[in-house]
Amino acid sequence: MANPIVARSLDEIKFWSRIMKEHSLFLSLGFTFEQKQLIEEAQQFMDLFERIEEKLSRFTVNSDLRQVQAFNTEVYQAAASIYAYKRKILDLTLKCQIRHNNFPLLVDHISREAAYFANRLKELNEGKLAPTPDTVIQENVFFLKIMADHAKFIGHLLDPSERKLVDQAREFSNDFDKLLFQAVDLEYMRPQSETKPLLGQMLNQNKVSVASLRDFKKTARDLIEECRIKSNIHPLLADHTFREASRFIEIIEMFEASLSGT
């Protein structure tokens, strides 16, 4: 029987390594021509996570736990390194030492995801698998912020003449800001807020909104790929945000199953 730590580790690495590789691409596309050093560093991270993906293909859910834990440690180092690279870019950007086409919020956003990835690997190597009530709240705070950011990025990167889609993106931004504040309130009320009814209601409410946002992202992605709308959104970025919304729904469903004891 497959070890659940092994299965979960491989799943996290499969999903997030691709995300990290794409982050490197998006950053490189946003730099100016003279920022060659930063572009080269981004390319190095693309190569690094491609090698990780290649190595991942050699593992299965029946692989030895210790070998997978060693791989987790290796990938953890890669995630920590790309986190440091992203924070360096954010630091240079906020101090106006470099100017490029990546929003500071986007650089912060992708660094938060790198930190999340590294932390998941660390937790798995510590044997932490089953969600606890505080984990449910913290994960929702993290992903709600991610979803709110996505809505803002979409609204800013769509051509201003795409008025209806821009308005929809702003509505999603406002919706997820409210959901985020509600989750933060629950976090402040811990541990008293860690009850099944409250957590269940939060998950149900978030799931409905994330499903709507995911469908919006899918529509936008398809329209961008077919060149039917005007935007500065790379087709891969559109698909990237769609996959992250789908991931959040999977995590919500995992938490719902945990709360119900299934």
# chains A, B, ... in the order shown; residues from 1 in each chain; ligands from 1
call {"tool": "residues_around", "arguments": {"residues": "Leu48 (chain A)", "least_positions_apart": "6", "cutoff": "12 Å", "atoms": "only C-alpha atoms", "output": "list in words"}}
result
Ser17, Arg18, Met20, Lys21, Glu22, Ser24, Glu41, Ala42, Glu54, Lys55, Glu74, Val75, Gln77, Ala78, Ala79, Ser81 and Ile82 of chain A
call {"tool": "write_last_selection", "arguments": {"atoms": "N, CA and C atoms", "output": "compact mmCIF listing (two decimals), in the first residue's frame"}}
result
# COMPACT_ATOMS: atom_id res chain seq x y z
N SER A 17 6.35 22.59 -8.69
CA SER A 17 7.58 22.76 -9.49
C SER A 17 7.25 23.38 -10.84
N ARG A 18 6.12 22.97 -11.42
CA ARG A 18 5.70 23.59 -12.69
C ARG A 18 5.37 25.06 -12.47
N MET A 20 6.65 27.04 -10.19
CA MET A 20 7.90 27.77 -10.00
C MET A 20 8.61 28.02 -11.33
N LYS A 21 8.60 27.03 -12.19
CA LYS A 21 9.23 27.17 -13.51
C LYS A 21 8.54 28.27 -14.32
N GLU A 22 7.22 28.29 -14.25
CA GLU A 22 6.47 29.32 -14.99
C GLU A 22 6.68 30.71 -14.39
N SER A 24 9.40 31.80 -13.17
CA SER A 24 10.69 32.24 -13.71
C SER A 24 10.52 32.80 -15.12
N GLU A 41 19.43 34.66 -14.35
CA GLU A 41 19.07 33.97 -13.11
C GLU A 41 17.71 33.29 -13.25
N ALA A 42 16.77 33.98 -13.90
CA ALA A 42 15.44 33.39 -14.12
C ALA A 42 15.56 32.13 -14.97
N GLU A 54 12.08 16.29 -14.22
CA GLU A 54 12.64 15.07 -14.82
C GLU A 54 12.91 14.02 -13.74
N LYS A 55 13.49 14.46 -12.62
CA LYS A 55 13.79 13.53 -11.54
C LYS A 55 12.51 13.00 -10.91
N GLU A 74 15.84 18.18 -1.19
CA GLU A 74 16.48 18.77 -2.37
C GLU A 74 15.59 19.84 -3.01
N VAL A 75 14.31 19.51 -3.15
CA VAL A 75 13.37 20.46 -3.76
C VAL A 75 13.11 21.64 -2.83
N GLN A 77 15.30 23.06 -0.97
CA GLN A 77 16.41 23.99 -1.19
C GLN A 77 16.17 24.82 -2.45
N ALA A 78 15.64 24.20 -3.48
CA ALA A 78 15.33 24.92 -4.73
C ALA A 78 14.24 25.96 -4.50
N ALA A 79 13.20 25.58 -3.75
CA ALA A 79 12.11 26.51 -3.45
C ALA A 79 12.60 27.67 -2.59
N SER A 81 15.62 28.83 -2.57
CA SER A 81 16.49 29.66 -3.41
C SER A 81 15.68 30.58 -4.31
N ILE A 82 14.62 30.06 -4.92
CA ILE A 82 13.83 30.92 -5.80
C ILE A 82 13.05 31.95 -4.98
call {"tool": "select_by_dssp", "arguments": {"residues": "region 51-245 of chain A", "states": "alpha helix (DSSP H)", "output": "VMD selection string"}}
result
chain A and resid 51 to 56 65 to 94 104 to 125 133 to 157 163 to 188 196 to 225 235 to 245
call {"tool": "residues_around", "arguments": {"residues": "Phe31 (chain A)", "least_positions_apart": "4", "cutoff": "7 Å", "atoms": "only C-alpha atoms", "output": "PDB file with C-alpha atoms, in the first residue's frame"}}
result
ATOM      1  CA  LEU A  27       9.612  37.299 -14.495  1.00  0.00           C
ATOM      2  CA  GLN A  35      18.601  43.507 -17.029  1.00  0.00           C
ATOM      3  CA  ILE A  39      17.062  37.268 -16.924  1.00  0.00           C
ATOM      4  CA  HIS A 100      10.557  46.566 -15.141  1.00  0.00           C
ATOM      5  CA  ASN A 101       7.085  45.381 -16.149  1.00  0.00           C
TER       6      ASN A 101
END
call {"tool": "closest_residue", "arguments": {"among": "A:Ile233, A:Ala115, A:Ile98, A:Val210", "to": "Phe248 (chain A)", "atoms": "only C-alpha atoms"}}
result
A:Val210
call {"tool": "closest_residue", "arguments": {"among": "A:Gln168, A:Ser111, A:Asn140, A:Ser63", "to": "Ser9 (chain A)", "atoms": "only C-alpha atoms"}}
result
A:Ser63
call {"tool": "residues_around", "arguments": {"residues": "Thr60 (chain A)", "least_positions_apart": "3", "cutoff": "9 Å", "atoms": "only C-alpha atoms", "output": "short mmCIF file (atom, residue, chain, number, x, y, z; two decimals) with C-alpha atoms, in the first residue's frame"}}
result
data_model
loop_
_atom_site.label_atom_id
_atom_site.label_comp_id
_atom_site.auth_asym_id
_atom_site.auth_seq_id
_atom_site.Cartn_x
_atom_site.Cartn_y
_atom_site.Cartn_z
CA ALA A 2 1.32 3.45 -0.96
CA VAL A 6 5.06 9.72 -0.41
CA ALA A 7 1.91 10.24 -2.48
CA LEU A 10 5.03 13.74 -5.17
CA LEU A 56 10.22 13.44 -10.26
CA SER A 57 9.23 11.19 -13.17
CA SER A 63 8.85 4.62 -3.90
CA ASP A 64 10.89 4.32 -0.71
#
call {"tool": "atom_distance", "arguments": {"atom1": "CA of Pro235 (chain A)", "atom2": "CA of Glu139 (chain A)"}}
result
27.3 Å
call {"tool": "closest_residue", "arguments": {"among": "A:Lys152, A:Lys86, A:Arg243, A:His109", "to": "Ala211 (chain A)", "atoms": "only C-alpha atoms"}}
result
A:Arg243
call {"tool": "residues_around", "arguments": {"residues": "Glu40 (chain A)", "least_positions_apart": "3", "cutoff": "12 Å", "atoms": "only C-alpha atoms", "output": "short mmCIF file (atom, residue, chain, number, x, y, z; two decimals) with C-alpha atoms, in the first residue's frame"}}
result
data_model
loop_
_atom_site.label_atom_id
_atom_site.label_comp_id
_atom_site.auth_asym_id
_atom_site.auth_seq_id
_atom_site.Cartn_x
_atom_site.Cartn_y
_atom_site.Cartn_z
CA SER A 24 10.69 32.24 -13.71
CA LEU A 25 9.45 32.60 -17.27
CA LEU A 27 9.61 37.30 -14.50
CA SER A 28 12.07 37.03 -17.39
CA LEU A 29 9.44 38.30 -19.85
CA PHE A 31 12.48 42.44 -17.35
CA PHE A 33 16.69 44.22 -22.19
CA GLU A 34 19.53 45.61 -20.10
CA GLN A 35 18.60 43.51 -17.03
CA LYS A 36 20.55 40.57 -18.44
CA GLN A 37 21.76 39.25 -15.07
CA GLN A 43 16.62 31.02 -16.85
CA GLN A 44 18.74 29.13 -14.32
CA PHE A 45 15.65 28.60 -12.16
CA MET A 46 13.68 27.42 -15.20
CA ASP A 47 16.41 24.87 -15.86
CA TYR A 85 15.62 35.47 -5.74
#
call {"tool": "residues_around", "arguments": {"residues": "Arg221 (chain A)", "least_positions_apart": "3", "cutoff": "10 Å", "atoms": "only C-alpha atoms", "output": "PyMOL selection string"}}
result
chain A and resi 215-218+224-227+229+233-242
call {"tool": "atom_distance", "arguments": {"atom1": "CA of Ser173 (chain A)", "atom2": "CA of Ile252 (chain A)"}}
result
19.6 Å
call {"tool": "closest_atom_pairs", "arguments": {"of": "region 125-150 of chain A", "to": "region 196-200 of chain A", "cutoff": "9 Å", "atoms": "only C-alpha atoms", "output": "CSV"}}
result
residue,atom,partner,partner_atom,distance
A:Pro133,CA,A:Leu199,CA,7.7
A:Val136,CA,A:Leu199,CA,7.5
A:Ile137,CA,A:Leu199,CA,7.6
call {"tool": "write_last_selection", "arguments": {"atoms": "C-alpha atoms", "output": "compact mmCIF listing (two decimals), in the first residue's frame"}}
result
# COMPACT_ATOMS: atom_id res chain seq x y z
CA PRO A 133 -8.40 23.20 12.37
CA VAL A 136 -7.78 24.88 7.54
CA ILE A 137 -7.99 28.58 8.42
call {"tool": "atom_distance", "arguments": {"atom1": "CA of Thr132 (chain A)", "atom2": "CA of Ile52 (chain A)"}}
result
29.6 Å
call {"tool": "residues_around", "arguments": {"residues": "Thr135 (chain A)", "least_positions_apart": "3", "cutoff": "12 Å", "atoms": "only C-alpha atoms", "output": "PyMOL selection string"}}
result
chain A and resi 120+123+128-132+138-142+183+186-187+190-191+194+199+251-252+254-255+258-259
call {"tool": "write_last_selection", "arguments": {"atoms": "N, CA and C atoms", "output": "PDB file, in the first residue's frame"}}
result
ATOM      1  N   ARG A 120       5.422  23.396   2.759  1.00  0.00           N
ATOM      2  CA  ARG A 120       4.703  22.120   2.605  1.00  0.00           C
ATOM      3  C   ARG A 120       5.680  20.950   2.617  1.00  0.00           C
ATOM      4  N   GLU A 123       6.900  20.355   6.150  1.00  0.00           N
ATOM      5  CA  GLU A 123       5.867  19.693   6.957  1.00  0.00           C
ATOM      6  C   GLU A 123       5.746  18.213   6.619  1.00  0.00           C
ATOM      7  N   LYS A 128       3.730  15.578   8.850  1.00  0.00           N
ATOM      8  CA  LYS A 128       2.452  16.280   9.012  1.00  0.00           C
ATOM      9  C   LYS A 128       1.631  16.151   7.732  1.00  0.00           C
ATOM     10  N   LEU A 129       0.551  15.407   7.815  1.00  0.00           N
ATOM     11  CA  LEU A 129      -0.280  15.154   6.638  1.00  0.00           C
ATOM     12  C   LEU A 129      -1.721  15.573   6.842  1.00  0.00           C
ATOM     13  N   ALA A 130      -2.334  15.079   7.917  1.00  0.00           N
ATOM     14  CA  ALA A 130      -3.751  15.371   8.166  1.00  0.00           C
ATOM     15  C   ALA A 130      -3.945  16.828   8.563  1.00  0.00           C
ATOM     16  N   PRO A 131      -4.932  17.516   7.979  1.00  0.00           N
ATOM     17  CA  PRO A 131      -5.171  18.923   8.327  1.00  0.00           C
ATOM     18  C   PRO A 131      -5.719  19.083   9.737  1.00  0.00           C
ATOM     19  N   THR A 132      -5.265  20.105  10.430  1.00  0.00           N
ATOM     20  CA  THR A 132      -5.792  20.470  11.742  1.00  0.00           C
ATOM     21  C   THR A 132      -6.657  21.710  11.566  1.00  0.00           C
ATOM     22  N   GLN A 138      -5.587  28.788   8.087  1.00  0.00           N
ATOM     23  CA  GLN A 138      -4.379  29.365   7.496  1.00  0.00           C
ATOM     24  C   GLN A 138      -4.292  29.118   5.999  1.00  0.00           C
ATOM     25  N   GLU A 139      -4.650  27.894   5.564  1.00  0.00           N
ATOM     26  CA  GLU A 139      -4.614  27.584   4.127  1.00  0.00           C
ATOM     27  C   GLU A 139      -5.610  28.447   3.364  1.00  0.00           C
ATOM     28  N   ASN A 140      -6.775  28.663   3.951  1.00  0.00           N
ATOM     29  CA  ASN A 140      -7.772  29.497   3.283  1.00  0.00           C
ATOM     30  C   ASN A 140      -7.335  30.952   3.222  1.00  0.00           C
ATOM     31  N   VAL A 141      -6.711  31.447   4.277  1.00  0.00           N
ATOM     32  CA  VAL A 141      -6.177  32.814   4.247  1.00  0.00           C
ATOM     33  C   VAL A 141      -5.155  32.940   3.116  1.00  0.00           C
ATOM     34  N   PHE A 142      -4.264  31.960   3.015  1.00  0.00           N
ATOM     35  CA  PHE A 142      -3.234  31.986   1.975  1.00  0.00           C
ATOM     36  C   PHE A 142      -3.865  31.986   0.584  1.00  0.00           C
ATOM     37  N   ALA A 183     -11.878  35.343   6.693  1.00  0.00           N
ATOM     38  CA  ALA A 183     -10.988  34.272   7.131  1.00  0.00           C
ATOM     39  C   ALA A 183      -9.954  34.793   8.124  1.00  0.00           C
ATOM     40  N   LEU A 186     -11.502  34.995  11.479  1.00  0.00           N
ATOM     41  CA  LEU A 186     -11.517  33.677  12.120  1.00  0.00           C
ATOM     42  C   LEU A 186     -10.138  33.326  12.674  1.00  0.00           C
ATOM     43  N   GLU A 187      -9.102  33.707  11.937  1.00  0.00           N
ATOM     44  CA  GLU A 187      -7.742  33.426  12.396  1.00  0.00           C
ATOM     45  C   GLU A 187      -7.452  34.160  13.705  1.00  0.00           C
ATOM     46  N   ARG A 190      -8.978  32.460  16.789  1.00  0.00           N
ATOM     47  CA  ARG A 190      -8.485  31.148  17.204  1.00  0.00           C
ATOM     48  C   ARG A 190      -8.031  31.181  18.659  1.00  0.00           C
ATOM     49  N   PRO A 191      -8.151  30.054  19.385  1.00  0.00           N
ATOM     50  CA  PRO A 191      -8.651  28.740  18.938  1.00  0.00           C
ATOM     51  C   PRO A 191     -10.160  28.575  19.049  1.00  0.00           C
ATOM     52  N   GLU A 194     -12.193  27.543  15.994  1.00  0.00           N
ATOM     53  CA  GLU A 194     -11.886  26.276  15.331  1.00  0.00           C
ATOM     54  C   GLU A 194     -12.972  25.237  15.606  1.00  0.00           C
ATOM     55  N   LEU A 199     -15.937  26.319  10.487  1.00  0.00           N
ATOM     56  CA  LEU A 199     -15.002  25.940   9.425  1.00  0.00           C
ATOM     57  C   LEU A 199     -15.760  25.415   8.203  1.00  0.00           C
ATOM     58  N   ILE A 251      -8.081  21.452  -2.455  1.00  0.00           N
ATOM     59  CA  ILE A 251      -7.697  21.562  -1.042  1.00  0.00           C
ATOM     60  C   ILE A 251      -8.934  21.757  -0.163  1.00  0.00           C
ATOM     61  N   ILE A 252      -9.882  22.573  -0.617  1.00  0.00           N
ATOM     62  CA  ILE A 252     -11.127  22.759   0.129  1.00  0.00           C
ATOM     63  C   ILE A 252     -11.845  21.419   0.281  1.00  0.00           C
ATOM     64  N   MET A 254     -10.534  18.472   0.235  1.00  0.00           N
ATOM     65  CA  MET A 254      -9.768  17.645   1.169  1.00  0.00           C
ATOM     66  C   MET A 254     -10.112  18.009   2.616  1.00  0.00           C
ATOM     67  N   PHE A 255     -10.220  19.320   2.878  1.00  0.00           N
ATOM     68  CA  PHE A 255     -10.572  19.776   4.222  1.00  0.00           C
ATOM     69  C   PHE A 255     -11.993  19.366   4.581  1.00  0.00           C
ATOM     70  N   SER A 258     -11.973  15.860   5.586  1.00  0.00           N
ATOM     71  CA  SER A 258     -11.370  15.715   6.912  1.00  0.00           C
ATOM     72  C   SER A 258     -12.357  16.087   8.018  1.00  0.00           C
ATOM     73  N   LEU A 259     -13.094  17.173   7.812  1.00  0.00           N
ATOM     74  CA  LEU A 259     -14.073  17.622   8.828  1.00  0.00           C
ATOM     75  C   LEU A 259     -15.201  16.607   8.996  1.00  0.00           C
TER      76      LEU A 259
END
call {"tool": "closest_residue", "arguments": {"among": "A:Arg8, A:His23, A:Arg99, A:Lys178", "to": "Asn62 (chain A)", "atoms": "only C-alpha atoms"}}
result
A:Arg8
